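Just below is one structure, and these are the notes that go with it.
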Amino acid sequence: MLILIGPSASGKTEVAKLLAKKYNITKIVTYTTREPRVHEINNVDYNFISLNEFAKLSDENFFAETTYYNNNYYGTAKKDIQDNKCIILDPNGLKSFLKLHDSHIISIYLNCDEEVRYKRMISRKDAIEDAKRRILSDRITFNDVNLQGITFVIDSDNISLEDLCDKINNLYSNMLRTIK
């Protein structure tokens, strides 16, 4: 399983879409209590559920991991953990997966300059105040201490999505070959 981690607007979602299209590494559709953004589709981008539904599934031990990020809950269903799957997580989600001690789980951190990320958020129609708040929050969430256990770090601010996707696939494929 491939884990993509990075601050807001670092390219995680777009890379995941391209990995599915080019390399058949399908994105795990996680669950969240946040509202959909413009152009997001339920059961494609996320499984958008209510706080009550999330709590019920959590009580039923449905999730392999859950996290609270930017005032919303996120979770991954246990049934979705497998090779040639990709998931987007925050550092807390990564910590949960690292506890599984599964050598097939490879994590890649997409490092990206704050100014580039801010411009991306504004271009995708995020509210200015939300973008500023997320930049500040990400400084804390994605500090070096919270990124222990990352397999690879890639800078995503000056590389095309296509090249970034190819680079990630090469790293992932080579790691899986080494493990097998």
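We label chains A, B, ... in the order they appear in the structure tokens, count residues from 1 in each chain, and number ligands from 1 in the order shown.
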Query - alpha helix (DSSP H) call set, DSSP backbone run, stretch 28-146 of chain A, as number ranges by chain - result: A: 51-59, 91-98, 114-123, 128-141
Query raised in the report: Could you pull the residues within 12 Å of A:Ile81, counting only C-alpha atoms, minus those fewer than 3 positions along the same chain, as a list of chain:residue names?
Result: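 Final neighbour list, sorted by chain and number: A:Met1, A:Leu2, A:Ile3, A:Thr26, A:Lys27, A:Ile28, A:Val29, A:Thr30, A:Phe63, A:Ala64, A:Glu65, A:Thr76, A:Ala77, A:Lys78, A:Asn84, A:Lys85, A:Cys86, A:Ile87, A:Phe97, A:Leu100, A:Asp102, A:His104, A:Ile105.
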Report task. Write out as number ranges by chain all residues of stretch 36-157 of chain A that backbone DSSP assigns to strand (DSSP E). Result -> A: 47-48, 63-69, 72-77, 85-89, 106-111, 152-155
Using only C-alpha atoms, which protein or nucleic acid residues come within 8 Å of A:Arg120? Drop anything in the same chain fewer than 4 positions from it, and give the result as a CSV table (one decimal) with N, CA and C atoms, in the first residue's frame.
chain,number,residue,atom,x,y,z
A,9,ALA,N,-2.8,21.2,-0.3
A,9,ALA,CA,-2.4,21.6,-1.6
A,9,ALA,C,-1.0,21.3,-2.0
A,116,VAL,N,3.5,28.4,-2.7
A,116,VAL,CA,3.0,27.6,-3.8
A,116,VAL,C,1.6,27.0,-3.4
A,124,ARG,N,-8.1,26.8,-6.5
A,124,ARG,CA,-9.1,25.8,-6.5
A,124,ARG,C,-10.4,26.3,-5.7
Report task. Have a look at A:Thr13, A:Thr178, A:Ser156, A:Thr33 and name the one nearest to A:Glu114; count only C-alpha atoms. Result -> A:Ser156
Any chance you could tabulate, as a tab-separated table, the residues of stretch 68-174 of chain A at most 9 Å from stretch 43-56 of chain A with each one's nearest atom pair and distance in Å to one decimal, using only C-alpha atoms, in chain and rising number order?
residue	atom	partner	partner_atom	distance
A:Asn72	CA	A:Leu51	CA	8.7
A:Tyr73	CA	A:Phe54	CA	7.8
A:Tyr74	CA	A:Phe54	CA	8.5
A:Gly75	CA	A:Phe54	CA	8.3
Report task. Write out as a list in words each polymer residue whose atoms come within 8 Å of stretch 172-176 of chain A, counting only C-alpha atoms; drop sequence neighbours fewer than 3 positions from it. Result -> Leu2, His104, Ile106, Ile168, Asn169, Ile179 and Lys180 of chain A
For the selection you just gave me, I'd like the residues written to a file as a PDB file, in the first residue's frame, keeping C-alpha atoms.
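That gives us out_26.pdb:
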ATOM      1  CA  LEU A   2       1.216   3.470  -0.885  1.00  0.00           C
ATOM      2  CA  HIS A 104       4.357  -3.512   2.058  1.00  0.00           C
ATOM      3  CA  ILE A 106       5.451   2.598   1.692  1.00  0.00           C
ATOM      4  CA  ILE A 168       6.357   8.080  -7.073  1.00  0.00           C
ATOM      5  CA  ASN A 169       5.398   5.003  -9.084  1.00  0.00           C
ATOM      6  CA  ILE A 179      10.295  -6.716  -0.506  1.00  0.00           C
ATOM      7  CA  LYS A 180       9.044  -9.691  -2.545  1.00  0.00           C
TER       8      LYS A 180
END
**Report entry** Residue nearest A:Leu164 among A:Tyr31, A:Tyr109, A:Tyr68, A:Phe62 (counting only C-alpha atoms)
**Finding:** A:Tyr109
Requested in this report: Would you list the contacts of stretch 143-147 of chain A as number ranges by chain, taking every protein, DNA or RNA residue within 12 Å and counting only C-alpha atoms, but skipping same-chain residues closer than 6 positions in sequence?
Outcome: A: 4-7, 89-95, 98, 107-111, 136-137, 153
Query raised in the report: Rounded to one decimal in Å, what is the spacing between atom CA of A:Leu161 and atom CA of A:Ser10?
Result: 10.7 Å
Requested in this report: Could you give me, as a VMD selection string, the residues within 10 Å of A:Lys22, counting only C-alpha atoms and dropping anything in the same chain fewer than 4 positions from it?
Outcome: chain A and resid 17 to 18 162 165 to 166 169
Could you write out that same residue set with C-alpha atoms as a PDB file, in the first residue's frame?
ATOM      1  CA  LYS A  17      -5.816  10.350  -9.423  1.00  0.00           C
ATOM      2  CA  LEU A  18      -2.948  10.139 -11.911  1.00  0.00           C
ATOM      3  CA  GLU A 162       3.047  13.770 -14.633  1.00  0.00           C
ATOM      4  CA  CYS A 165       3.447  10.614 -10.567  1.00  0.00           C
ATOM      5  CA  ASP A 166       6.126   8.733 -12.516  1.00  0.00           C
ATOM      6  CA  ASN A 169       5.398   5.003  -9.084  1.00  0.00           C
TER       7      ASN A 169
END
Requested in this report: Would you mind reading off the distance between atom CA of A:Ser96 and atom CA of A:Leu19, one decimal, in Å?
Outcome: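 Atom CA of A:Leu19 lies at a distance of 23.4 Å from atom CA of A:Ser96.
Atom CA of A:Asp80 is found 18.1 Å from atom CA of A:Asp59.
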